[in-house]
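S.K.: Starting off with a structure, shown below.
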Amino acid sequence: MLIARVIGTVVAPVQHPAYDGQKLLLIRPESPEGETAGATLLAIDRAQAGVGDRVLVVDEGSSARFLLEDDLAPVKTTIVGVIDEIELRGQRIYLAGEDR
Amino acid sequence: MLIARVIGTVVAPVQHPAYDGQKLLLIRPESPEGETAGATLLAIDRAQAGVGDRVLVVDEGSSARFLLEDDLAPVKTTIVGVIDEIELRGQRIYLAGEDR
Amino acid sequence: MLIARVIGTVVAPVQHPAYDGQKLLLIRPESPEGETAGATLLAIDRAQAGVGDRVLVVDEGSSARFLLEDDLAPVKTTIVGVIDEIELRGQRIYLAGEDR
Amino acid sequence: MLIARVIGTVVAPVQHPAYDGQKLLLIRPESPEGETAGATLLAIDRAQAGVGDRVLVVDEGSSARFLLEDDLAPVKTTIVGVIDEIELRGQRIYLAGEDR
Amino acid sequence: MLIARVIGTVVAPVQHPAYDGQKLLLIRPESPEGETAGATLLAIDRAQAGVGDRVLVVDEGSSARFLLEDDLAPVKTTIVGVIDEIELRGQRIYLAGEDR
């Protein structure tokens with residue numbers, strides 16, 4: 001699983017019911033300290049995340065399908081939670097709401 | 001899921017019915033701003049994409065097989081939608097048709 | 001499978017029973033010598049690991065689901081063991097408890 | 001799916017019937033223009049490819065197993081076709097047989 | 001599949017029968033010429049490999065489970081064969097036993 005930051009949104013009509021009514025969010029993988037840590041991905045949101053939120057991402061097709069409850073969905077990347085707090089070697093380095 | 005740009009086509013006869021009549025498109029992963037963000041891939045097209053289009057790509061075998069409706073297809077990378085619009089931190093940075 | 005170091009913890013409410021009561025640990029992939037060897041991941045802990053421990057990580061959804069005994073869990077990265085000892089070309093270079 | 005160049009062969013006895021009589025080919029991922037684009041892999045050949053050929057590769061276990069018609073084969077990387085032609089933004093940049 | 005070199009061993013008790021009596025080997029992905037080609041991994045050995053051997057590795061969970069004959073094993077990376085010989089563009093560049 002990855003830490004990422006929601007940085008935007010994408011509009012792309014997909015001819016598959018699994019995408020109906022799903023927001024497509026741009027997410028940038030990050031280090032715990034908030035530095036970019038990989039190429040930007042597109043994710044389906046299952047955690048009411050918004051632009052600026054730090055999120056927990058699962059990048060695996062089966063996980064995405066379980067969350068959408070659609071066994072045949074062509075999906076891979078899902079936001080499963082909004083991160084409230086990150087502690088690095090005993091020190092709190094992130095608390096949601098403090099860095100926006 | 002990835003953002004990519006369709007940059008070309010490949011002709012390669014594959015001895016498997018899943019590839020019959022399928023276009024093979026060259027796709028270059030991109031950042032939201034349009035910079036190259038990974039090695040070029042080959043994808044099957046399920047979205048009537050053309051060279052120059054920015055597209056939504058799912059790089060997972062099961063997703064590709066669901067879209068081809070072929071449970072035994074040796075496929076992995078599929079274009080599932082053409083991107084109409086990208087918004088980064090509240091600003092629209094891409095609108096299909098404006099950058100060709 | 002990967003060698004990683006547990007470097008911290010994350011609090012992120014996930015609306016799925018598979019995450020109830022699970023610690024989310026920050027893990028940094030490492031070389032045998034202890035150098036950073038990839039982007040930080042988030043893992044579920046199945047080995048009573050603590051911050052500072054070197055651990056054995058399996059980064060695959062099915063493995064994670066088998067360990068949680070939950071066939072439909074949206075999970076991917078799991079700590080399966082705490083590393084006691086690393087031997088590199090016949091020389092012991094790590095023994096748990098000696099480098100904290 | 002990837003573009004790669006067949007650059008050699010490997011002899012490695014594997015104690016599994018799926019490998020009996022299978023050539024193991026060294027393949028180097030390439031950009032459309034022919035530059036190295038990733039670490040060399042080992043692949044099973046399902047397309048009568050030879051050293052020097054540019055090939056279409058699927059790097060996914062299920063795909064490899066479907067092609068070998070062996071549900072339990074420990075295999076992942078398969079050459080599924082020899083590339084005849086690559087067209088980049090409307091220009092033909094590769095035609096099999098012209099660059100050997 | 002990957003070429004790798006066995007460079008060491010790891011001791012890490014794992015609370016799962018699939019790991020009972022399994023050696024955990026440190027493997028370093030390599031180019032055909034023997035240069036490091038990726039981050040060190042941990043693998044289960046199904047080929048009686050030893051430190052110094054060049055090996056054929058399959059890094060996929062299902063393959064690992066088939067080889068262990070354990071459908072629910074939390075495993076991903078397996079050594080399936082010891083490499084005897086590597087030929088690059090028609091020239092033999094590696095023969096087991098000659099470079100130790």
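Ordering of the structure tokens sets the chain letters (A, B, ...), residue numbers begin anew at 1 in every chain, and ligands are numbered from 1 in the order given.
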When all Cα positions are paired in order and chain B is fitted onto chain D, what RMSD is left, to one decimal?
M.R.: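 C-alpha RMSD after least-squares superposition: 0.0 Å.
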S.K.: Quick one: residues within 6 Å of D:Ile3, only C-alpha atoms, excluding same-chain residues fewer than 4 positions away - as a VMD selection string?
M.R.: chain D and resid 29 to 30 55 to 56
S.K.: Write to file, as a short mmCIF file (atom, residue, chain, number, x, y, z; two decimals), in the first residue's frame, the residues of the selection just made, with C-alpha atoms.
M.R.:
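Written out: again09.cif:
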```
data_model
loop_
_atom_site.label_atom_id
_atom_site.label_comp_id
_atom_site.auth_asym_id
_atom_site.auth_seq_id
_atom_site.Cartn_x
_atom_site.Cartn_y
_atom_site.Cartn_z
CA PRO D 29 12.91 -3.95 -23.01
CA GLU D 30 13.24 -1.18 -25.59
CA VAL D 55 9.06 -8.81 -29.93
CA LEU D 56 5.78 -8.19 -28.12
#
```
S.K.: Can you list every residue in chain C that DSSP puts in alpha helix (DSSP H), as a PyMOL selection string?
M.R.: chain C and resi 61-68
S.K.: Restricting it to N, CA and C atoms, dump the selection as a tab-separated table (two decimals), in the first residue's frame.
M.R.:
```tsv
chain	number	residue	atom	x	y	z
C	61	GLY	N	-1.35	-9.05	-3.05
C	61	GLY	CA	-2.69	-9.07	-2.48
C	61	GLY	C	-3.13	-10.43	-1.97
C	62	SER	N	-2.93	-11.47	-2.76
C	62	SER	CA	-3.41	-12.79	-2.33
C	62	SER	C	-2.73	-13.21	-1.03
C	63	SER	N	-1.42	-13.01	-0.95
C	63	SER	CA	-0.70	-13.35	0.29
C	63	SER	C	-1.29	-12.60	1.48
C	64	ALA	N	-1.54	-11.32	1.31
C	64	ALA	CA	-2.11	-10.53	2.40
C	64	ALA	C	-3.47	-11.08	2.82
C	65	ARG	N	-4.29	-11.45	1.85
C	65	ARG	CA	-5.63	-11.97	2.18
C	65	ARG	C	-5.55	-13.32	2.89
C	66	PHE	N	-4.60	-14.19	2.49
C	66	PHE	CA	-4.47	-15.49	3.17
C	66	PHE	C	-4.11	-15.26	4.63
C	67	LEU	N	-3.21	-14.33	4.89
C	67	LEU	CA	-2.76	-14.10	6.26
C	67	LEU	C	-3.87	-13.49	7.12
C	68	LEU	N	-4.69	-12.64	6.52
C	68	LEU	CA	-5.81	-12.05	7.28
C	68	LEU	C	-7.01	-13.00	7.33
```
S.K.: Where in chain B does DSSP assign strand (DSSP E or B), given as a PDB file with C-alpha atoms, in the first residue's frame?
M.R.:
```
ATOM      1  CA  LEU B   2      -2.173   5.574 -15.595  1.00  0.00           C
ATOM      2  CA  ILE B   3      -2.372   8.650 -17.789  1.00  0.00           C
ATOM      3  CA  ALA B   4      -0.673   8.013 -21.125  1.00  0.00           C
ATOM      4  CA  ARG B   5      -0.401   9.528 -24.585  1.00  0.00           C
ATOM      5  CA  VAL B   6      -0.992   7.422 -27.696  1.00  0.00           C
ATOM      6  CA  ILE B   7       2.156   7.917 -29.788  1.00  0.00           C
ATOM      7  CA  GLY B   8       1.947   5.254 -32.479  1.00  0.00           C
ATOM      8  CA  THR B   9       0.984   1.789 -33.590  1.00  0.00           C
ATOM      9  CA  VAL B  10       2.622  -1.620 -33.842  1.00  0.00           C
ATOM     10  CA  VAL B  11       2.023  -4.492 -36.240  1.00  0.00           C
ATOM     11  CA  VAL B  14      -0.067 -12.900 -32.431  1.00  0.00           C
ATOM     12  CA  LEU B  24      -1.944  -2.450 -30.815  1.00  0.00           C
ATOM     13  CA  LEU B  25      -1.179   1.086 -29.716  1.00  0.00           C
ATOM     14  CA  LEU B  26       2.089   2.520 -28.426  1.00  0.00           C
ATOM     15  CA  ILE B  27       1.422   4.493 -25.266  1.00  0.00           C
ATOM     16  CA  ARG B  28       3.790   6.710 -23.314  1.00  0.00           C
ATOM     17  CA  PRO B  29       2.957   7.181 -19.613  1.00  0.00           C
ATOM     18  CA  GLU B  30       2.739  10.899 -18.793  1.00  0.00           C
ATOM     19  CA  THR B  36       7.082  11.412 -19.978  1.00  0.00           C
ATOM     20  CA  LEU B  41       3.987   0.284 -23.327  1.00  0.00           C
ATOM     21  CA  LEU B  42       1.857  -1.533 -25.870  1.00  0.00           C
ATOM     22  CA  ALA B  43      -1.896  -1.527 -25.227  1.00  0.00           C
ATOM     23  CA  ILE B  44      -5.083  -2.923 -26.629  1.00  0.00           C
ATOM     24  CA  ASP B  45      -7.598  -0.181 -27.326  1.00  0.00           C
ATOM     25  CA  ARG B  54      -4.390  11.302 -23.842  1.00  0.00           C
ATOM     26  CA  VAL B  55      -5.870   8.147 -22.371  1.00  0.00           C
ATOM     27  CA  LEU B  56      -6.733   6.297 -19.169  1.00  0.00           C
ATOM     28  CA  VAL B  57      -4.862   2.978 -19.041  1.00  0.00           C
ATOM     29  CA  VAL B  58      -5.364  -0.063 -16.820  1.00  0.00           C
ATOM     30  CA  ASP B  59      -2.235  -2.242 -16.708  1.00  0.00           C
ATOM     31  CA  THR B  77      -2.493  -3.391 -20.852  1.00  0.00           C
ATOM     32  CA  THR B  78      -5.744  -1.752 -21.982  1.00  0.00           C
ATOM     33  CA  ILE B  79      -6.856   1.762 -22.907  1.00  0.00           C
ATOM     34  CA  VAL B  80     -10.223   2.161 -21.167  1.00  0.00           C
ATOM     35  CA  GLY B  81     -11.047   5.807 -21.878  1.00  0.00           C
ATOM     36  CA  VAL B  82      -9.984   8.941 -23.723  1.00  0.00           C
ATOM     37  CA  GLU B  85     -10.116  17.104 -19.100  1.00  0.00           C
ATOM     38  CA  ILE B  86      -7.447  17.246 -16.363  1.00  0.00           C
ATOM     39  CA  GLU B  87      -7.734  19.591 -13.423  1.00  0.00           C
ATOM     40  CA  LEU B  88      -4.688  20.073 -11.179  1.00  0.00           C
ATOM     41  CA  GLN B  91      -6.951  24.612 -12.386  1.00  0.00           C
ATOM     42  CA  ARG B  92      -7.810  23.066 -15.710  1.00  0.00           C
ATOM     43  CA  ILE B  93      -4.507  22.160 -17.370  1.00  0.00           C
ATOM     44  CA  TYR B  94      -5.774  19.972 -20.204  1.00  0.00           C
ATOM     45  CA  LEU B  95      -8.832  19.978 -22.416  1.00  0.00           C
TER      46      LEU B  95
END
```
S.K.: Rank nothing, just name the residue among D:Asp20, D:Glu98, D:Asp84, D:Glu33 nearest to chain B, using only C-alpha atoms.
M.R.: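 Checking each of D:Asp20, D:Glu98, D:Asp84, D:Glu33 against chain B, counting only C-alpha atoms, the winner is D:Asp84.
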S.K.: For a test of reading the model, state the distance in Å between atom CA of B:Met1 and atom CA of B:Glu60, rounded to one decimal.
M.R.: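 About the pair atom CA of B:Met1 and atom CA of B:Glu60: they are 9.0 Å apart.
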S.K.: Could you state the separation of atom CA of E:Arg89 and atom CA of D:Gly52 in Å, given to one decimal place?
M.R.: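 Taking atom CA of E:Arg89 and atom CA of D:Gly52, their separation equals 7.8 Å.
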S.K.: In Å to one decimal, how far is atom CA of A:Ile83 from atom CA of C:Glu35?
M.R.: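 So the answer is 26.8 Å.
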